[in-house]
file query11.cif (mmCIF, C-alpha atoms)
data_upload
#
loop_
_atom_site.group_PDB
_atom_site.id
_atom_site.type_symbol
_atom_site.label_atom_id
_atom_site.label_comp_id
_atom_site.auth_asym_id
_atom_site.auth_seq_id
_atom_site.Cartn_x
_atom_site.Cartn_y
_atom_site.Cartn_z
ATOM 1 C CA MET V 1 3.540 -10.731 31.656
ATOM 2 C CA GLN V 2 4.984 -10.159 28.203
ATOM 3 C CA LYS V 3 3.980 -12.545 25.445
ATOM 4 C CA GLU V 4 6.711 -14.779 24.002
ATOM 5 C CA GLN V 5 7.663 -14.689 20.352
ATOM 6 C CA ASN V 6 7.460 -18.028 18.578
ATOM 7 C CA VAL V 7 9.007 -16.818 15.322
ATOM 8 C CA ARG V 8 12.363 -15.400 14.307
ATOM 9 C CA LEU V 9 11.727 -11.769 13.359
ATOM 10 C CA VAL V 10 13.881 -10.048 10.763
ATOM 11 C CA LEU V 11 13.432 -6.388 9.881
ATOM 12 C CA ALA V 12 14.074 -5.771 6.162
ATOM 13 C CA SER V 13 14.931 -2.099 6.703
ATOM 14 C CA ALA V 14 18.003 -0.029 7.471
ATOM 15 C CA SER V 15 15.937 2.655 9.218
ATOM 16 C CA PRO V 16 17.229 3.329 12.751
ATOM 17 C CA ARG V 17 13.811 4.740 13.621
ATOM 18 C CA ARG V 18 12.077 1.460 12.793
ATOM 19 C CA ARG V 19 14.641 -0.436 14.843
ATOM 20 C CA GLU V 20 13.993 1.863 17.797
ATOM 21 C CA LEU V 21 10.220 1.405 17.537
ATOM 22 C CA LEU V 22 10.428 -2.403 17.432
ATOM 23 C CA SER V 23 12.776 -2.370 20.435
ATOM 24 C CA GLN V 24 10.441 0.020 22.239
ATOM 25 C CA ILE V 25 7.599 -2.510 22.193
ATOM 26 C CA GLY V 26 9.857 -5.309 23.405
ATOM 27 C CA LEU V 27 10.324 -7.374 20.252
ATOM 28 C CA LYS V 28 13.472 -9.400 19.623
ATOM 29 C CA PHE V 29 14.638 -9.149 16.038
ATOM 30 C CA SER V 30 17.597 -8.959 13.711
ATOM 31 C CA VAL V 31 18.129 -6.520 10.853
ATOM 32 C CA MET V 32 18.836 -7.351 7.207
ATOM 33 C CA PRO V 33 18.004 -4.410 4.927
ATOM 34 C CA SER V 34 16.595 -5.164 1.511
ATOM 35 C CA THR V 35 18.615 -3.744 -1.361
ATOM 36 C CA LYS V 36 16.068 -4.723 -3.990
ATOM 37 C CA GLU V 37 15.324 -1.962 -6.473
ATOM 38 C CA GLU V 38 11.848 -0.544 -5.892
ATOM 39 C CA ASN V 39 9.506 -1.267 -8.764
ATOM 40 C CA ALA V 40 5.903 -0.354 -8.049
ATOM 41 C CA LYS V 41 3.056 -0.712 -10.527
ATOM 42 C CA THR V 42 0.714 1.707 -8.764
ATOM 43 C CA THR V 43 0.838 5.383 -7.833
ATOM 44 C CA GLU V 44 -1.984 5.331 -5.245
ATOM 45 C CA ALA V 45 -0.313 5.955 -1.892
ATOM 46 C CA GLY V 46 -1.936 3.203 0.171
ATOM 47 C CA ALA V 47 -1.437 0.564 -2.505
ATOM 48 C CA LEU V 48 2.090 1.807 -3.243
ATOM 49 C CA VAL V 49 3.462 1.449 0.292
ATOM 50 C CA GLN V 50 1.883 -1.988 0.646
ATOM 51 C CA GLU V 51 3.401 -3.181 -2.629
ATOM 52 C CA LEU V 52 6.872 -1.868 -1.779
ATOM 53 C CA SER V 53 6.771 -3.278 1.766
ATOM 54 C CA ARG V 54 5.914 -6.693 0.328
ATOM 55 C CA GLN V 55 8.752 -6.539 -2.205
ATOM 56 C CA LYS V 56 11.251 -5.830 0.569
ATOM 57 C CA ALA V 57 9.921 -8.598 2.811
ATOM 58 C CA VAL V 58 9.913 -11.181 0.008
ATOM 59 C CA ASP V 59 13.469 -10.226 -0.976
ATOM 60 C CA ILE V 60 14.859 -10.969 2.493
ATOM 61 C CA TRP V 61 12.647 -14.019 3.109
ATOM 62 C CA GLU V 62 13.920 -15.646 -0.083
ATOM 63 C CA GLN V 63 17.515 -15.036 1.013
ATOM 64 C CA LEU V 64 17.016 -16.429 4.525
ATOM 65 C CA SER V 65 14.336 -19.118 4.216
ATOM 66 C CA GLU V 66 16.630 -22.054 3.365
ATOM 67 C CA GLU V 67 19.000 -21.148 6.199
ATOM 68 C CA THR V 68 16.109 -20.978 8.688
ATOM 69 C CA GLN V 69 14.644 -24.335 7.656
ATOM 70 C CA ALA V 70 17.950 -26.170 8.094
ATOM 71 C CA PRO V 71 18.687 -27.900 11.458
ATOM 72 C CA ASN V 72 21.175 -26.215 13.760
ATOM 73 C CA LEU V 73 24.174 -27.926 15.369
ATOM 74 C CA ASN V 74 21.923 -29.578 17.975
ATOM 75 C CA GLY V 75 19.767 -31.123 15.267
ATOM 76 C CA LYS V 76 16.843 -28.848 16.094
ATOM 77 C CA ARG V 77 15.140 -26.629 13.578
ATOM 78 C CA GLN V 78 15.380 -22.916 14.121
ATOM 79 C CA PRO V 79 12.215 -20.902 14.869
ATOM 80 C CA GLU V 80 10.130 -20.158 11.805
ATOM 81 C CA LEU V 81 11.135 -17.038 9.926
ATOM 82 C CA LEU V 82 8.921 -13.954 9.754
ATOM 83 C CA VAL V 83 10.212 -10.942 7.816
ATOM 84 C CA ILE V 84 8.911 -7.418 8.411
ATOM 85 C CA GLY V 85 8.978 -5.143 5.386
ATOM 86 C CA ALA V 86 7.930 -1.487 5.579
ATOM 87 C CA ASP V 87 7.715 1.557 3.343
ATOM 88 C CA THR V 88 6.655 5.137 4.119
ATOM 89 C CA VAL V 89 5.630 8.010 1.849
ATOM 90 C CA VAL V 90 4.175 11.461 2.351
ATOM 91 C CA CYS V 91 1.237 12.505 0.186
ATOM 92 C CA CYS V 92 0.389 16.195 -0.307
ATOM 93 C CA GLU V 93 -2.625 17.098 -2.418
ATOM 94 C CA GLY V 94 -2.360 13.802 -4.266
ATOM 95 C CA LYS V 95 1.380 14.050 -4.970
ATOM 96 C CA ILE V 96 3.588 11.361 -3.443
ATOM 97 C CA LEU V 97 6.764 12.599 -1.760
ATOM 98 C CA GLY V 98 9.552 10.124 -1.054
ATOM 99 C CA LYS V 99 13.038 10.967 0.202
ATOM 100 C CA PRO V 100 14.601 14.089 -1.341
ATOM 101 C CA HIS V 101 17.521 13.278 -3.642
ATOM 102 C CA ASP V 102 19.129 16.692 -3.208
ATOM 103 C CA ARG V 103 18.750 20.056 -1.459
ATOM 104 C CA GLU V 104 16.555 21.485 -4.200
ATOM 105 C CA ALA V 105 14.107 18.600 -3.854
ATOM 106 C CA ALA V 106 14.006 19.075 -0.074
ATOM 107 C CA VAL V 107 13.220 22.776 -0.501
ATOM 108 C CA GLU V 108 10.449 21.928 -2.945
ATOM 109 C CA MET V 109 8.903 19.355 -0.598
ATOM 110 C CA LEU V 110 8.989 21.520 2.517
ATOM 111 C CA THR V 111 7.618 24.498 0.606
ATOM 112 C CA ALA V 112 4.708 22.329 -0.499
ATOM 113 C CA LEU V 113 4.068 21.042 3.042
ATOM 114 C CA GLN V 114 4.330 24.301 5.013
ATOM 115 C CA GLY V 115 1.084 25.861 6.179
ATOM 116 C CA ARG V 116 -1.149 22.973 5.159
ATOM 117 C CA SER V 117 -2.135 19.378 5.877
ATOM 118 C CA HIS V 118 -0.723 16.227 4.318
ATOM 119 C CA GLU V 119 -0.964 12.483 4.837
ATOM 120 C CA VAL V 120 1.727 9.999 5.839
ATOM 121 C CA TYR V 121 1.272 6.406 4.667
ATOM 122 C CA THR V 122 3.249 3.443 5.957
ATOM 123 C CA GLY V 123 2.761 0.000 4.463
ATOM 124 C CA VAL V 124 3.804 -3.095 6.397
ATOM 125 C CA THR V 125 4.194 -6.698 5.293
ATOM 126 C CA LEU V 126 4.626 -9.639 7.657
ATOM 127 C CA TYR V 127 5.948 -12.419 5.426
ATOM 128 C CA HIS V 128 5.767 -16.007 6.673
ATOM 129 C CA GLN V 129 5.882 -19.309 4.808
ATOM 130 C CA ARG V 130 2.273 -20.156 5.703
ATOM 131 C CA GLU V 131 0.679 -16.730 5.634
ATOM 132 C CA THR V 132 1.417 -13.170 4.585
ATOM 133 C CA VAL V 133 -0.207 -10.097 6.104
ATOM 134 C CA THR V 134 0.005 -6.711 4.398
ATOM 135 C CA PHE V 135 -1.629 -3.504 5.623
ATOM 136 C CA PHE V 136 -1.145 0.245 5.743
ATOM 137 C CA GLU V 137 -1.900 3.074 8.147
ATOM 138 C CA CYS V 138 -2.518 6.717 7.253
ATOM 139 C CA THR V 139 -1.898 9.683 9.564
ATOM 140 C CA GLN V 140 -2.837 13.284 8.835
ATOM 141 C CA VAL V 141 -0.263 15.920 9.765
ATOM 142 C CA GLU V 142 -0.667 19.700 9.604
ATOM 143 C CA PHE V 143 2.309 22.066 9.429
ATOM 144 C CA TYR V 144 2.596 25.645 10.610
ATOM 145 C CA PRO V 145 3.685 28.168 7.968
ATOM 146 C CA MET V 146 7.472 28.136 7.430
ATOM 147 C CA THR V 147 9.644 30.961 6.152
ATOM 148 C CA GLU V 148 12.264 30.437 3.464
ATOM 149 C CA ALA V 149 14.934 30.970 6.131
ATOM 150 C CA GLU V 150 13.405 28.291 8.370
ATOM 151 C CA ILE V 151 13.299 25.840 5.483
ATOM 152 C CA SER V 152 16.905 26.582 4.580
ATOM 153 C CA ASP V 153 18.128 26.283 8.182
ATOM 154 C CA TYR V 154 16.266 23.010 8.628
ATOM 155 C CA ILE V 155 17.827 21.525 5.500
ATOM 156 C CA ASP V 156 21.244 22.692 6.735
ATOM 157 C CA SER V 157 20.741 20.354 9.706
ATOM 158 C CA LYS V 158 20.774 17.406 7.220
ATOM 159 C CA GLU V 159 17.817 15.846 9.031
ATOM 160 C CA PRO V 160 15.441 16.025 6.033
ATOM 161 C CA MET V 161 17.681 14.223 3.563
ATOM 162 C CA ASP V 162 16.929 10.588 4.461
ATOM 163 C CA LYS V 163 13.243 10.961 5.288
ATOM 164 C CA ALA V 164 10.047 10.756 3.274
ATOM 165 C CA GLY V 165 8.623 14.235 2.758
ATOM 166 C CA ALA V 166 11.945 15.777 3.865
ATOM 167 C CA TYR V 167 11.168 15.968 7.588
ATOM 168 C CA GLY V 168 11.467 13.967 10.782
ATOM 169 C CA ILE V 169 8.616 14.403 13.242
ATOM 170 C CA GLN V 170 10.709 12.840 16.004
ATOM 171 C CA GLY V 171 13.524 15.356 15.494
ATOM 172 C CA LEU V 172 13.868 19.025 14.645
ATOM 173 C CA GLY V 173 10.895 18.727 12.301
ATOM 174 C CA ALA V 174 8.615 18.613 15.353
ATOM 175 C CA ARG V 175 8.886 22.401 15.655
ATOM 176 C CA PHE V 176 6.757 22.797 12.515
ATOM 177 C CA VAL V 177 3.961 20.358 13.409
ATOM 178 C CA LYS V 178 0.674 22.047 14.285
ATOM 179 C CA ASP V 179 -1.623 19.038 14.486
ATOM 180 C CA ILE V 180 -1.599 15.276 14.011
ATOM 181 C CA ARG V 181 -4.549 12.930 13.576
ATOM 182 C CA GLY V 182 -3.795 9.248 13.775
ATOM 183 C CA ASP V 183 -0.826 7.131 14.805
ATOM 184 C CA TYR V 184 2.272 9.213 15.635
ATOM 185 C CA ASN V 185 4.552 6.179 15.248
ATOM 186 C CA ASN V 186 3.228 5.729 11.736
ATOM 187 C CA VAL V 187 4.733 9.108 10.855
ATOM 188 C CA VAL V 188 8.047 8.090 12.415
ATOM 189 C CA GLY V 189 8.061 5.065 10.109
ATOM 190 C CA LEU V 190 6.280 2.065 11.632
ATOM 191 C CA PRO V 191 2.784 1.694 13.149
ATOM 192 C CA VAL V 192 3.975 -0.658 15.873
ATOM 193 C CA GLY V 193 0.649 -0.781 17.714
ATOM 194 C CA ARG V 194 -1.117 -2.231 14.668
ATOM 195 C CA LEU V 195 1.905 -4.428 13.905
ATOM 196 C CA TYR V 196 1.853 -5.958 17.398
ATOM 197 C CA GLN V 197 -1.878 -6.653 17.163
ATOM 198 C CA GLU V 198 -1.344 -8.418 13.830
ATOM 199 C CA LEU V 199 1.421 -10.558 15.343
ATOM 200 C CA LYS V 200 -0.891 -11.566 18.182
ATOM 201 C CA SER V 201 -3.955 -12.252 16.058
ATOM 202 C CA HIS V 202 -2.021 -14.535 13.700
ATOM 203 C CA GLY V 203 -0.412 -16.556 16.481
ATOM 204 C CA TRP V 204 3.123 -15.242 16.083
ATOM 205 C CA MET V 205 3.173 -13.933 19.668
#

call {"tool": "encode", "arguments": {"input": "query11.cif", "output": "structure tokens"}}
result
Amino acid sequence: MQKEQNVRLVLASASPRRRELLSQIGLKFSVMPSTKEENAKTTEAGALVQELSRQKAVDIWEQLSEETQAPNLNGKRQPELLVIGADTVVCCEGKILGKPHDREAAVEMLTALQGRSHEVYTGVTLYHQRETVTFFECTQVEFYPMTEAEISDYIDSKEPMDKAGAYGIQGLGARFVKDIRGDYNNVVGLPVGRLYQELKSHGWM
């Protein structure tokens, strides 16, 4: 029997992959992407993704909290609000790779990743009025060698352009993955197994 949610979940992300992952594990949620400009004070990957995930969650919680606390038309208060913020980066030999801003950047990223291992970090914040939980997961991914033609053809597909590290493991990018150690869903963009356990352990499920 599936556990019932006792909070109103809002995902502060426009990522369709994160929406798919939350739906996959049976959560009910709405989507309100944060448009807050990212402003991190750290460059260490684990700390960075946690800080940015928290900024996104706080941004949406502040916009929605008054609305959630107000009674509805029946005079009953709505379920308590819990906002999920998330941020993902790729780290290769200590260099953080976000989303490529143009084709040249995508070529540079994929050239750096081909034939070697890198890490994917996703930070998650669960923001609630009584308690906030922030964590990150790290997954190691190894790529096969890629030719210049393969890199060019892959970028032509447009898949790399909206993804950290310029590849999507759940799409065409899977053809270049040799090995993965850790949570696959973390590479897609959200470690939903860990997220669900956090929801349970804090009484939100």

call {"tool": "atom_distance", "arguments": {"input": "query11.cif", "atom1": "atom CA of Pro33 of chain V", "atom2": "atom CA of Val107 of chain V"}}
result
28.1 Å

call {"tool": "residues_near_point", "arguments": {"input": "query11.cif", "point": "(-3.1, -7.7, 4.9)", "cutoff": "12 Å", "atoms": "all atoms listed in the file", "output": "list in words"}}
result
Gly46, Ala47, Gln50, Glu51, Ser53, Arg54, Gly123, Val124, Thr125, Leu126, Tyr127, Glu131, Thr132, Val133, Thr134, Phe135, Phe136, Glu137, Arg194, Leu195, Glu198, Leu199 and His202 of chain V

call {"tool": "closest_residue", "arguments": {"input": "query11.cif", "among": "V:Tyr196, V:Tyr184, V:Tyr144, V:Trp204", "to": "Leu22 of chain V", "atoms": "only C-alpha atoms"}}
result
V:Tyr196

call {"tool": "resolve_selection", "arguments": {"input": "query11.cif", "expression": "the PyMOL selection byres ((chain V and resi 129) around 9)", "output": "number ranges by chain"}}
result
V: 61, 65, 80-82, 127-128, 130-132

call {"tool": "resolve_selection", "arguments": {"input": "query11.cif", "expression": "the PyMOL selection byres ((chain V and resi 92-99) around 8)", "output": "ChimeraX atom specification"}}
result
/V:43,45,88-91,100-101,109,112-113,117-119,161-166

call {"tool": "axis_aligned_box", "arguments": {"input": "query11.cif", "around": "segment 165-178 of chain V", "padding_each_side": "3 Å", "output": "AutoDock Vina command-line options"}}
result
--center_x 7.3 --center_y 17.8 --center_z 9.4 --size_x 19.2 --size_y 16.0 --size_z 19.2

call {"tool": "atom_distance", "arguments": {"input": "query11.cif", "atom1": "atom CA of Ile84 of chain V", "atom2": "atom CA of Gln55 of chain V"}}
result
10.7 Å

call {"tool": "residues_around", "arguments": {"input": "query11.cif", "residues": "Thr139 of chain V", "least_positions_apart": "6", "cutoff": "8 Å", "atoms": "only C-alpha atoms", "output": "VMD selection string"}}
result
chain V and resid 119 to 121 180 to 184 186 to 187

call {"tool": "atom_distance", "arguments": {"input": "query11.cif", "atom1": "atom CA of Asn6 of chain V", "atom2": "atom CA of Phe29 of chain V"}}
result
11.7 Å

call {"tool": "residues_near_point", "arguments": {"input": "query11.cif", "point": "(16.2, 18.5, 8.4)", "cutoff": "10 Å", "atoms": "all atoms listed in the file", "output": "list in words"}}
result
Ala106, Leu110, Ile151, Ser152, Asp153, Tyr154, Ile155, Asp156, Ser157, Lys158, Glu159, Pro160, Met161, Asp162, Lys163, Ala166, Tyr167, Gly168, Ile169, Gly171, Leu172 and Gly173 of chain V

call {"tool": "closest_residue", "arguments": {"input": "query11.cif", "among": "V:Leu9, V:Val31, V:Val141, V:Ala14", "to": "Ala174 of chain V", "atoms": "all atoms listed in the file"}}
result
V:Val141

call {"tool": "residues_around", "arguments": {"input": "query11.cif", "residues": "Gln63 of chain V", "least_positions_apart": "6", "cutoff": "12 Å", "atoms": "all atoms listed in the file", "output": "mmCIF file with C-alpha atoms, keeping the file's coordinate frame"}}
result
data_model
loop_
_atom_site.group_PDB
_atom_site.id
_atom_site.type_symbol
_atom_site.label_atom_id
_atom_site.label_comp_id
_atom_site.auth_asym_id
_atom_site.auth_seq_id
_atom_site.Cartn_x
_atom_site.Cartn_y
_atom_site.Cartn_z
ATOM 1 C CA VAL V 10 13.881 -10.048 10.763
ATOM 2 C CA ALA V 12 14.074 -5.771 6.162
ATOM 3 C CA MET V 32 18.836 -7.351 7.207
ATOM 4 C CA PRO V 33 18.004 -4.410 4.927
ATOM 5 C CA SER V 34 16.595 -5.164 1.511
ATOM 6 C CA THR V 35 18.615 -3.744 -1.361
ATOM 7 C CA LYS V 36 16.068 -4.723 -3.990
ATOM 8 C CA LYS V 56 11.251 -5.830 0.569
ATOM 9 C CA ALA V 57 9.921 -8.598 2.811
ATOM 10 C CA GLN V 69 14.644 -24.335 7.656
ATOM 11 C CA LEU V 81 11.135 -17.038 9.926
ATOM 12 C CA VAL V 83 10.212 -10.942 7.816
#

call {"tool": "closest_residue", "arguments": {"input": "query11.cif", "among": "V:Gly85, V:Gly115, V:Gly189, V:Gly203", "to": "Ser13 of chain V", "atoms": "only C-alpha atoms"}}
result
V:Gly85

call {"tool": "resolve_selection", "arguments": {"input": "query11.cif", "expression": "the PyMOL selection byres ((chain V and resi 25) around 12)", "output": "PyMOL selection string"}}
result
chain V and resi 2-3+18-24+26-29+185+190-197
